[in-house]
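**Student:** Sharing my_file_29.tsv (TSV, N, CA and C atoms) below.
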```tsv
chain	number	residue	atom	x	y	z
A	95	MET	N	-58.97	93.75	-8.47
A	95	MET	CA	-57.73	93.29	-9.00
A	95	MET	C	-57.02	92.38	-8.01
A	96	ASP	N	-56.61	91.23	-8.46
A	96	ASP	CA	-55.90	90.29	-7.59
A	96	ASP	C	-54.40	90.53	-7.69
A	97	ALA	N	-53.77	90.58	-6.56
A	97	ALA	CA	-52.30	90.68	-6.55
A	97	ALA	C	-51.76	89.27	-6.57
A	98	THR	N	-50.88	89.02	-7.51
A	98	THR	CA	-50.27	87.69	-7.57
A	98	THR	C	-48.83	87.78	-7.12
A	99	THR	N	-48.41	86.80	-6.44
A	99	THR	CA	-47.02	86.76	-5.98
A	99	THR	C	-46.33	85.57	-6.62
A	100	GLU	N	-45.12	85.81	-7.02
A	100	GLU	CA	-44.33	84.72	-7.58
A	100	GLU	C	-43.48	84.13	-6.46
A	101	THR	N	-43.40	82.85	-6.45
A	101	THR	CA	-42.52	82.20	-5.48
A	101	THR	C	-41.35	81.61	-6.24
A	102	ALA	N	-40.20	81.89	-5.73
A	102	ALA	CA	-38.99	81.35	-6.36
A	102	ALA	C	-38.89	79.87	-6.07
A	103	ALA	N	-38.47	79.14	-7.06
A	103	ALA	CA	-38.29	77.71	-6.86
A	103	ALA	C	-37.13	77.50	-5.88
A	104	ALA	N	-37.34	76.58	-4.96
A	104	ALA	CA	-36.30	76.28	-3.98
A	104	ALA	C	-35.13	75.61	-4.69
A	105	VAL	N	-33.96	76.13	-4.43
A	105	VAL	CA	-32.75	75.56	-5.01
A	105	VAL	C	-32.09	74.70	-3.94
A	106	PRO	N	-31.92	73.43	-4.20
A	106	PRO	CA	-31.31	72.58	-3.18
A	106	PRO	C	-29.88	73.02	-2.89
A	107	ALA	N	-29.53	72.95	-1.63
A	107	ALA	CA	-28.16	73.30	-1.22
A	107	ALA	C	-27.22	72.22	-1.74
A	108	PRO	N	-26.04	72.63	-2.16
A	108	PRO	CA	-25.09	71.60	-2.62
A	108	PRO	C	-24.73	70.67	-1.47
A	109	ASP	N	-24.51	69.43	-1.82
A	109	ASP	CA	-24.12	68.45	-0.79
A	109	ASP	C	-22.79	68.85	-0.20
A	110	VAL	N	-22.67	68.67	1.10
A	110	VAL	CA	-21.40	68.94	1.77
A	110	VAL	C	-20.52	67.73	1.54
A	111	LYS	N	-19.43	67.96	0.85
A	111	LYS	CA	-18.51	66.86	0.58
A	111	LYS	C	-17.40	66.87	1.62
A	112	PRO	N	-17.12	65.72	2.20
A	112	PRO	CA	-16.03	65.69	3.17
A	112	PRO	C	-14.71	65.93	2.45
A	113	PRO	N	-13.76	66.53	3.16
A	113	PRO	CA	-12.45	66.73	2.55
A	113	PRO	C	-11.81	65.40	2.22
A	114	ARG	N	-10.88	65.43	1.31
A	114	ARG	CA	-10.19	64.20	0.93
A	114	ARG	C	-9.45	63.65	2.14
A	115	ALA	N	-9.67	62.40	2.41
A	115	ALA	CA	-9.04	61.76	3.57
A	115	ALA	C	-7.54	61.61	3.33
A	116	PRO	N	-6.76	61.80	4.40
A	116	PRO	CA	-5.32	61.60	4.26
A	116	PRO	C	-5.01	60.14	3.95
A	117	ARG	N	-3.87	59.92	3.32
A	117	ARG	CA	-3.49	58.54	2.97
A	117	ARG	C	-3.27	57.68	4.21
A	118	LYS	N	-2.75	58.31	5.26
A	118	LYS	CA	-2.59	57.57	6.52
A	118	LYS	C	-3.19	58.42	7.63
A	119	PRO	N	-3.64	57.79	8.70
A	119	PRO	CA	-4.26	58.56	9.79
A	119	PRO	C	-3.33	59.64	10.33
A	120	PRO	N	-3.88	60.81	10.69
A	120	PRO	CA	-3.03	61.88	11.20
A	120	PRO	C	-2.42	61.57	12.56
A	121	VAL	N	-3.05	60.67	13.32
A	121	VAL	CA	-2.51	60.30	14.63
A	121	VAL	C	-2.38	58.79	14.72
A	122	THR	N	-1.48	58.38	15.60
A	122	THR	CA	-1.29	56.96	15.90
A	122	THR	C	-1.41	56.80	17.40
A	123	LEU	N	-2.11	55.78	17.82
A	123	LEU	CA	-2.20	55.47	19.24
A	123	LEU	C	-1.36	54.23	19.51
A	124	THR	N	-0.60	54.27	20.59
A	124	THR	CA	0.17	53.10	20.98
A	124	THR	C	-0.79	52.03	21.48
A	125	PRO	N	-0.36	50.77	21.50
A	125	PRO	CA	-1.23	49.72	22.03
A	125	PRO	C	-1.74	50.02	23.45
A	126	LYS	N	-0.90	50.61	24.30
A	126	LYS	CA	-1.31	50.95	25.67
A	126	LYS	C	-2.41	52.02	25.64
A	127	ALA	N	-2.29	53.02	24.77
A	127	ALA	CA	-3.31	54.07	24.68
A	127	ALA	C	-4.63	53.46	24.21
A	128	VAL	N	-4.58	52.59	23.20
A	128	VAL	CA	-5.80	51.94	22.71
A	128	VAL	C	-6.43	51.13	23.83
A	129	GLU	N	-5.62	50.37	24.55
A	129	GLU	CA	-6.12	49.55	25.67
A	129	GLU	C	-6.84	50.42	26.70
A	130	MET	N	-6.27	51.56	27.06
A	130	MET	CA	-6.85	52.40	28.10
A	130	MET	C	-8.14	53.08	27.63
A	131	VAL	N	-8.20	53.47	26.36
A	131	VAL	CA	-9.44	54.05	25.84
A	131	VAL	C	-10.54	53.00	25.82
A	132	LYS	N	-10.21	51.80	25.33
A	132	LYS	CA	-11.20	50.71	25.30
A	132	LYS	C	-11.69	50.39	26.71
A	133	LYS	N	-10.78	50.37	27.67
A	133	LYS	CA	-11.13	50.09	29.06
A	133	LYS	C	-12.10	51.16	29.58
A	134	ALA	N	-11.82	52.42	29.31
A	134	ALA	CA	-12.70	53.51	29.75
A	134	ALA	C	-14.07	53.39	29.10
A	135	MET	N	-14.11	53.00	27.82
A	135	MET	CA	-15.38	52.86	27.12
A	135	MET	C	-16.23	51.74	27.72
A	136	VAL	N	-15.58	50.64	28.08
A	136	VAL	CA	-16.31	49.52	28.70
A	136	VAL	C	-16.82	49.94	30.08
A	137	GLU	N	-15.95	50.56	30.89
A	137	GLU	CA	-16.35	50.98	32.23
A	137	GLU	C	-17.51	51.98	32.21
A	138	GLN	N	-17.54	52.84	31.19
A	138	GLN	CA	-18.59	53.86	31.09
A	138	GLN	C	-19.77	53.40	30.22
A	139	LYS	N	-19.73	52.12	29.81
A	139	LYS	CA	-20.78	51.54	28.97
A	139	LYS	C	-20.98	52.34	27.68
A	140	LEU	N	-19.87	52.61	26.99
A	140	LEU	CA	-19.88	53.40	25.76
A	140	LEU	C	-19.47	52.55	24.55
A	141	GLU	N	-19.85	51.29	24.55
A	141	GLU	CA	-19.54	50.43	23.41
A	141	GLU	C	-20.21	50.99	22.17
A	142	GLY	N	-19.52	50.95	21.04
A	142	GLY	CA	-20.07	51.48	19.80
A	142	GLY	C	-19.79	52.97	19.60
A	143	PHE	N	-19.13	53.60	20.55
A	143	PHE	CA	-18.79	55.01	20.43
A	143	PHE	C	-17.43	55.14	19.73
A	144	THR	N	-17.02	56.37	19.47
A	144	THR	CA	-15.79	56.66	18.74
A	144	THR	C	-14.92	57.62	19.54
A	145	LEU	N	-13.62	57.41	19.51
A	145	LEU	CA	-12.69	58.34	20.14
A	145	LEU	C	-12.48	59.51	19.19
A	146	ARG	N	-12.76	60.73	19.66
A	146	ARG	CA	-12.49	61.94	18.88
A	146	ARG	C	-11.20	62.55	19.41
A	147	VAL	N	-10.25	62.77	18.50
A	147	VAL	CA	-9.00	63.43	18.83
A	147	VAL	C	-9.02	64.79	18.14
A	148	GLY	N	-8.76	65.84	18.90
A	148	GLY	CA	-8.81	67.16	18.30
A	148	GLY	C	-7.87	68.15	18.95
A	149	VAL	N	-7.90	69.34	18.39
A	149	VAL	CA	-7.12	70.47	18.88
A	149	VAL	C	-8.10	71.61	19.08
A	150	ILE	N	-8.01	72.25	20.24
A	150	ILE	CA	-8.86	73.42	20.50
A	150	ILE	C	-7.97	74.58	20.94
A	151	GLY	N	-8.43	75.78	20.71
A	151	GLY	CA	-7.68	76.96	21.12
A	151	GLY	C	-7.65	77.08	22.62
A	152	GLY	N	-6.53	77.58	23.15
A	152	GLY	CA	-6.42	77.80	24.59
A	152	GLY	C	-5.13	77.22	25.13
A	153	GLY	N	-5.04	77.19	26.42
A	153	GLY	CA	-3.86	76.65	27.08
A	153	GLY	C	-2.73	77.66	27.15
A	154	CYS	N	-1.68	77.27	27.79
A	154	CYS	CA	-0.52	78.15	27.99
A	154	CYS	C	0.18	78.48	26.69
A	155	SER	N	0.16	77.56	25.72
A	155	SER	CA	0.94	77.73	24.51
A	155	SER	C	0.12	78.04	23.26
A	156	GLY	N	-1.18	78.09	23.37
A	156	GLY	CA	-2.01	78.44	22.21
A	156	GLY	C	-3.04	77.41	21.82
A	157	PHE	N	-2.68	76.13	21.88
A	157	PHE	CA	-3.61	75.05	21.53
A	157	PHE	C	-3.60	74.00	22.64
A	158	ASN	N	-4.74	73.38	22.85
A	158	ASN	CA	-4.85	72.24	23.76
A	158	ASN	C	-5.24	71.01	22.98
A	159	TYR	N	-4.73	69.86	23.39
A	159	TYR	CA	-5.19	68.60	22.84
A	159	TYR	C	-6.53	68.28	23.47
A	160	ASP	N	-7.40	67.63	22.70
A	160	ASP	CA	-8.73	67.31	23.19
A	160	ASP	C	-9.06	65.86	22.83
A	161	LEU	N	-9.37	65.07	23.83
A	161	LEU	CA	-9.82	63.69	23.63
A	161	LEU	C	-11.24	63.60	24.15
A	162	ASP	N	-12.11	62.96	23.38
A	162	ASP	CA	-13.50	62.82	23.79
A	162	ASP	C	-14.03	61.52	23.20
A	163	ILE	N	-15.00	60.94	23.85
A	163	ILE	CA	-15.65	59.75	23.32
A	163	ILE	C	-17.04	60.18	22.88
A	164	VAL	N	-17.32	60.01	21.58
A	164	VAL	CA	-18.56	60.53	21.00
A	164	VAL	C	-19.40	59.41	20.40
A	165	LYS	N	-20.70	59.64	20.42
A	165	LYS	CA	-21.62	58.66	19.86
A	165	LYS	C	-21.62	58.70	18.33
A	166	GLU	N	-21.55	59.92	17.77
A	166	GLU	CA	-21.62	60.06	16.31
A	166	GLU	C	-20.47	60.93	15.81
A	167	THR	N	-20.01	60.62	14.62
A	167	THR	CA	-18.99	61.42	13.97
A	167	THR	C	-19.68	62.44	13.07
A	168	ARG	N	-18.92	63.45	12.65
A	168	ARG	CA	-19.44	64.46	11.73
A	168	ARG	C	-19.15	64.03	10.29
A	169	PRO	N	-19.95	64.50	9.34
A	169	PRO	CA	-19.72	64.09	7.94
A	169	PRO	C	-18.34	64.45	7.41
A	170	THR	N	-17.71	65.48	7.95
A	170	THR	CA	-16.40	65.89	7.45
A	170	THR	C	-15.23	65.27	8.20
A	171	ASP	N	-15.50	64.48	9.24
A	171	ASP	CA	-14.43	63.85	10.02
A	171	ASP	C	-13.66	62.82	9.20
A	172	PHE	N	-12.38	62.68	9.51
A	172	PHE	CA	-11.59	61.56	9.02
A	172	PHE	C	-11.80	60.45	10.04
A	173	VAL	N	-12.29	59.31	9.61
A	173	VAL	CA	-12.59	58.21	10.53
A	173	VAL	C	-11.71	57.02	10.14
A	174	PHE	N	-11.07	56.43	11.14
A	174	PHE	CA	-10.20	55.29	10.90
A	174	PHE	C	-10.24	54.41	12.14
A	175	GLU	N	-9.58	53.27	12.06
A	175	GLU	CA	-9.60	52.31	13.16
A	175	GLU	C	-8.18	51.96	13.56
A	176	MET	N	-7.97	51.86	14.88
A	176	MET	CA	-6.67	51.44	15.42
A	176	MET	C	-6.93	50.28	16.37
A	177	GLU	N	-6.46	49.11	15.99
A	177	GLU	CA	-6.62	47.91	16.82
A	177	GLU	C	-8.07	47.72	17.28
A	178	GLY	N	-9.02	47.94	16.36
A	178	GLY	CA	-10.43	47.75	16.67
A	178	GLY	C	-11.09	48.95	17.34
A	179	LEU	N	-10.35	50.02	17.58
A	179	LEU	CA	-10.89	51.23	18.20
A	179	LEU	C	-11.21	52.25	17.11
A	180	PRO	N	-12.49	52.64	16.97
A	180	PRO	CA	-12.79	53.69	15.99
A	180	PRO	C	-12.30	55.04	16.49
A	181	VAL	N	-11.63	55.79	15.60
A	181	VAL	CA	-11.04	57.09	15.94
A	181	VAL	C	-11.46	58.07	14.86
A	182	CYS	N	-11.75	59.32	15.26
A	182	CYS	CA	-12.05	60.35	14.27
A	182	CYS	C	-11.29	61.62	14.61
A	183	VAL	N	-10.95	62.36	13.55
A	183	VAL	CA	-10.25	63.64	13.67
A	183	VAL	C	-10.90	64.60	12.68
A	184	ASP	N	-11.20	65.81	13.13
A	184	ASP	CA	-11.77	66.80	12.21
A	184	ASP	C	-10.66	67.35	11.31
A	185	PRO	N	-11.02	67.87	10.13
A	185	PRO	CA	-10.00	68.34	9.18
A	185	PRO	C	-9.08	69.43	9.73
A	186	MET	N	-9.61	70.38	10.50
A	186	MET	CA	-8.77	71.45	11.04
A	186	MET	C	-7.72	70.88	11.99
A	187	SER	N	-8.15	70.00	12.88
A	187	SER	CA	-7.22	69.41	13.85
A	187	SER	C	-6.18	68.55	13.17
A	188	SER	N	-6.57	67.86	12.10
A	188	SER	CA	-5.64	66.93	11.46
A	188	SER	C	-4.38	67.63	10.95
A	189	GLN	N	-4.50	68.89	10.54
A	189	GLN	CA	-3.30	69.59	10.05
A	189	GLN	C	-2.30	69.86	11.18
A	190	TYR	N	-2.78	70.01	12.41
A	190	TYR	CA	-1.90	70.23	13.55
A	190	TYR	C	-1.42	68.92	14.18
A	191	LEU	N	-2.12	67.83	13.89
A	191	LEU	CA	-1.82	66.55	14.53
A	191	LEU	C	-1.05	65.58	13.64
A	192	LYS	N	-0.81	65.93	12.39
A	192	LYS	CA	-0.18	65.01	11.45
A	192	LYS	C	1.12	64.45	12.03
A	193	GLY	N	1.17	63.13	12.14
A	193	GLY	CA	2.37	62.46	12.65
A	193	GLY	C	2.41	62.31	14.16
A	194	THR	N	1.37	62.75	14.87
A	194	THR	CA	1.36	62.69	16.33
A	194	THR	C	1.15	61.26	16.82
A	195	VAL	N	1.90	60.89	17.83
A	195	VAL	CA	1.75	59.60	18.49
A	195	VAL	C	1.17	59.87	19.88
A	196	ILE	N	0.09	59.16	20.19
A	196	ILE	CA	-0.55	59.30	21.51
A	196	ILE	C	-0.26	58.04	22.30
A	197	ASP	N	0.33	58.23	23.47
A	197	ASP	CA	0.70	57.11	24.34
A	197	ASP	C	-0.02	57.29	25.67
A	198	TYR	N	-0.08	56.23	26.43
A	198	TYR	CA	-0.60	56.30	27.79
A	198	TYR	C	0.56	55.95	28.70
A	199	VAL	N	0.90	56.88	29.61
A	199	VAL	CA	2.06	56.66	30.48
A	199	VAL	C	1.62	56.70	31.93
A	200	GLU	N	2.34	55.92	32.74
A	200	GLU	CA	2.11	55.88	34.18
A	200	GLU	C	3.43	56.21	34.85
A	201	GLY	N	3.39	57.09	35.85
A	201	GLY	CA	4.60	57.46	36.54
A	201	GLY	C	4.31	57.87	37.97
A	202	LEU	N	5.33	58.37	38.64
A	202	LEU	CA	5.19	58.77	40.04
A	202	LEU	C	4.20	59.92	40.22
A	203	GLN	N	4.08	60.76	39.20
A	203	GLN	CA	3.19	61.92	39.30
A	203	GLN	C	1.81	61.66	38.72
A	204	GLY	N	1.50	60.41	38.44
A	204	GLY	CA	0.17	60.06	37.93
A	204	GLY	C	0.25	59.39	36.57
A	205	ALA	N	-0.92	59.23	35.98
A	205	ALA	CA	-1.02	58.56	34.69
A	205	ALA	C	-1.88	59.40	33.76
A	206	GLY	N	-1.64	59.24	32.47
A	206	GLY	CA	-2.44	59.96	31.49
A	206	GLY	C	-1.90	59.80	30.09
A	207	PHE	N	-2.59	60.45	29.15
A	207	PHE	CA	-2.21	60.38	27.75
A	207	PHE	C	-1.11	61.40	27.46
A	208	LYS	N	-0.13	60.97	26.70
A	208	LYS	CA	0.98	61.83	26.34
A	208	LYS	C	1.01	61.96	24.81
A	209	PHE	N	1.13	63.19	24.33
A	209	PHE	CA	1.14	63.47	22.90
A	209	PHE	C	2.57	63.78	22.45
A	210	GLN	N	3.04	63.07	21.45
A	210	GLN	CA	4.34	63.33	20.85
A	210	GLN	C	4.04	63.89	19.46
A	211	ASN	N	4.04	65.24	19.37
A	211	ASN	CA	3.61	65.93	18.17
A	211	ASN	C	4.81	66.56	17.46
A	212	PRO	N	5.17	66.07	16.27
A	212	PRO	CA	6.32	66.64	15.56
A	212	PRO	C	6.05	68.06	15.04
A	213	ASN	N	4.81	68.52	15.04
A	213	ASN	CA	4.46	69.85	14.55
A	213	ASN	C	4.53	70.92	15.64
A	214	ALA	N	4.66	70.50	16.89
A	214	ALA	CA	4.67	71.44	18.01
A	214	ALA	C	6.02	72.17	18.08
A	215	LYS	N	5.96	73.48	17.99
A	215	LYS	CA	7.18	74.28	18.11
A	215	LYS	C	7.54	74.51	19.58
A	216	ASN	N	6.53	74.70	20.39
A	216	ASN	CA	6.70	74.87	21.84
A	216	ASN	C	5.62	74.07	22.53
A	217	THR	N	5.97	73.52	23.69
A	217	THR	CA	4.97	72.82	24.49
A	217	THR	C	5.00	73.35	25.91
A	218	CYS	N	3.89	73.20	26.56
A	218	CYS	CA	3.74	73.62	27.95
A	218	CYS	C	4.32	72.52	28.85
A	219	GLY	N	4.66	72.85	30.05
A	219	GLY	CA	5.19	71.87	31.00
A	219	GLY	C	4.24	70.74	31.28
A	220	CYS	N	2.93	71.00	31.17
A	220	CYS	CA	1.95	69.95	31.46
A	220	CYS	C	1.82	68.95	30.32
A	221	GLY	N	2.29	69.33	29.11
A	221	GLY	CA	2.21	68.44	27.96
A	221	GLY	C	0.88	68.43	27.27
A	222	GLN	N	-0.07	69.21	27.74
A	222	GLN	CA	-1.41	69.26	27.13
A	222	GLN	C	-1.62	70.47	26.26
A	223	SER	N	-0.63	71.33	26.15
A	223	SER	CA	-0.74	72.57	25.40
A	223	SER	C	0.49	72.73	24.51
A	224	PHE	N	0.27	73.30	23.31
A	224	PHE	CA	1.39	73.47	22.38
A	224	PHE	C	1.13	74.64	21.44
A	225	SER	N	2.17	75.07	20.75
A	225	SER	CA	2.03	76.06	19.69
A	225	SER	C	2.61	75.46	18.42
A	226	ALA	N	2.05	75.88	17.31
A	226	ALA	CA	2.51	75.32	16.02
A	226	ALA	C	3.05	76.42	15.14
```
Translate this file's structure into structure tokens.
**Tutor:**
Amino acid sequence: MDATTETAAAVPAPDVKPPRAPRKPPVTLTPKAVEMVKKAMVEQKLEGFTLRVGVIGGGCSGFNYDLDIVKETRPTDFVFEMEGLPVCVDPMSSQYLKGTVIDYVEGLQGAGFKFQNPNAKNTCGCGQSFSA
């Protein structure tokens, strides 16, 4: 007697659909911030890469801002352009960053990116951490 086995037909996984993109980008970069990111990309030979802006857990106040230069975006990212600079934000981060302006400032204590986030209820003294 031969034992026969039935194999179930493979059911294709549903396509992952990106979330609906916001009408306007969740973040805005000032011209100085765009200039400094582009400069860093040229210096590091990262032409064709994208600036990823995000929020990660941690820091003194609960969330940290995260800037990274990435080769590829994710299918669910919101991707937009600011003055020729490609920028992406993941859907989770976009809800915390809506309306945020990113500037590049130089002062006596150094230089760096400054986030002006209207959603932040509390911010850390360093300016890199916030709670929503």
**Student:** As a tab-separated table (two decimals) with N, CA and C atoms, in the coordinates of the input, please: the residues near Pro119 of chain A (cut-off 8 Å, all atoms listed in the file, same-chain neighbours under 4 positions excluded).
**Tutor:**
```
chain	number	residue	atom	x	y	z
A	115	ALA	N	-9.67	62.40	2.41
A	115	ALA	CA	-9.04	61.76	3.57
A	115	ALA	C	-7.54	61.61	3.33
A	172	PHE	N	-12.38	62.68	9.51
A	172	PHE	CA	-11.59	61.56	9.02
A	172	PHE	C	-11.80	60.45	10.04
A	173	VAL	N	-12.29	59.31	9.61
A	173	VAL	CA	-12.59	58.21	10.53
A	173	VAL	C	-11.71	57.02	10.14
A	174	PHE	N	-11.07	56.43	11.14
A	174	PHE	CA	-10.20	55.29	10.90
A	174	PHE	C	-10.24	54.41	12.14
A	175	GLU	N	-9.58	53.27	12.06
A	175	GLU	CA	-9.60	52.31	13.16
A	175	GLU	C	-8.18	51.96	13.56
A	188	SER	N	-6.57	67.86	12.10
A	188	SER	CA	-5.64	66.93	11.46
A	188	SER	C	-4.38	67.63	10.95
A	191	LEU	N	-2.12	67.83	13.89
A	191	LEU	CA	-1.82	66.55	14.53
A	191	LEU	C	-1.05	65.58	13.64
A	192	LYS	N	-0.81	65.93	12.39
A	192	LYS	CA	-0.18	65.01	11.45
A	192	LYS	C	1.12	64.45	12.03
A	193	GLY	N	1.17	63.13	12.14
A	193	GLY	CA	2.37	62.46	12.65
A	193	GLY	C	2.41	62.31	14.16
A	194	THR	N	1.37	62.75	14.87
A	194	THR	CA	1.36	62.69	16.33
A	194	THR	C	1.15	61.26	16.82
```
**Student:** Quote the spacing between atom N of Phe157 of chain A and atom N of Thr170 of chain A in Å to one decimal place.
**Tutor:**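 Separation of atom N of Phe157 of chain A and atom N of Thr170 of chain A: 23.1 Å.
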**Student:** Would you mind telling me which residue in A:Asp184, A:Asp171, A:Asp197, A:Glu166 lies nearest to Val131 of chain A when using only C-alpha atoms?
**Tutor:**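 Looking at the shortest contact to Val131 of chain A, the residue is A:Asp197.
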**Student:** At what distance in Å, to one decimal, does atom C of Gly151 of chain A lie from atom C of Asn211 of chain A?
**Tutor:** 17.1 Å
**Student:** Which residue, A:Ile196, A:Arg117, A:Val147, A:Met135, has the smallest gap to Tyr159 of chain A when you use all atoms listed in the file?
**Tutor:**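 Of A:Ile196, A:Arg117, A:Val147, A:Met135, the one nearest Tyr159 of chain A, counting all atoms listed in the file, is A:Val147.
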**Student:** To one decimal in Å, tell me the separation between atom C of Leu145 of chain A and atom C of Val199 of chain A.
**Tutor:**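 We find that atom C of Leu145 of chain A and atom C of Val199 of chain A lie 19.2 Å from each other.
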**Student:** Given the choices A:Gly204, A:Pro185, A:Pro180, A:Pro125, which gets closest to Gly142 of chain A if the distance is worked out from only N, CA and C atoms?
**Tutor:** A:Pro180
**Student:** Return the single residue from A:Gln189, A:Thr167, A:Asn213, A:Asn158 that is closest to Pro120 of chain A, with distances computed using only C-alpha atoms.
**Tutor:**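 Once distances to Pro120 of chain A are computed over only C-alpha atoms, the minimum belongs to A:Gln189.
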**Student:** Nearest to Cys182 of chain A: which of A:Lys126, A:Arg146, A:Lys139, A:Lys165 is it, counting only N, CA and C atoms?
**Tutor:** A:Arg146
**Student:** Produce the centre coordinates and the three edge lengths, each in Å to one decimal, of the box along x, y and z that contains all listed atoms of segment 141-148 of chain A with 4 Å added on each side, as JSON.
**Tutor:**
```
{"center_x": -14.0, "center_y": 59.3, "center_z": 21.3, "size_x": 20.3, "size_y": 25.7, "size_z": 14.4}
```
**Student:** Excluding Glu177 of chain A and any residue of its chain fewer than 5 positions from it, enumerate the residues within 12 Å of it, using only C-alpha atoms, and give them as a list in words.
**Tutor:**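 With the cut-off at 12 Å, the set is Thr122, Leu123, Thr124, Pro125, Lys126, Ala127, Val128, Glu129, Val131 and Lys132 of chain A.
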**Student:** Pull the alpha helix (DSSP H) assignments for segment 106-206 of chain A out of DSSP run on the backbone, and list those residues as a list in words.
**Tutor:** Pro125, Lys126, Ala127, Val128, Glu129, Met130, Val131, Lys132, Lys133, Ala134, Met135, Val136, Glu137, Pro185, Met186, Ser187, Ser188, Gln189, Tyr190 and Leu191 of chain A
**Student:** From the options A:Glu141, A:Gly156, A:Val181, A:Ile150, which residue's atoms come nearest to Arg168 of chain A, counting only C-alpha atoms?
**Tutor:**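 Closest candidate: A:Val181.
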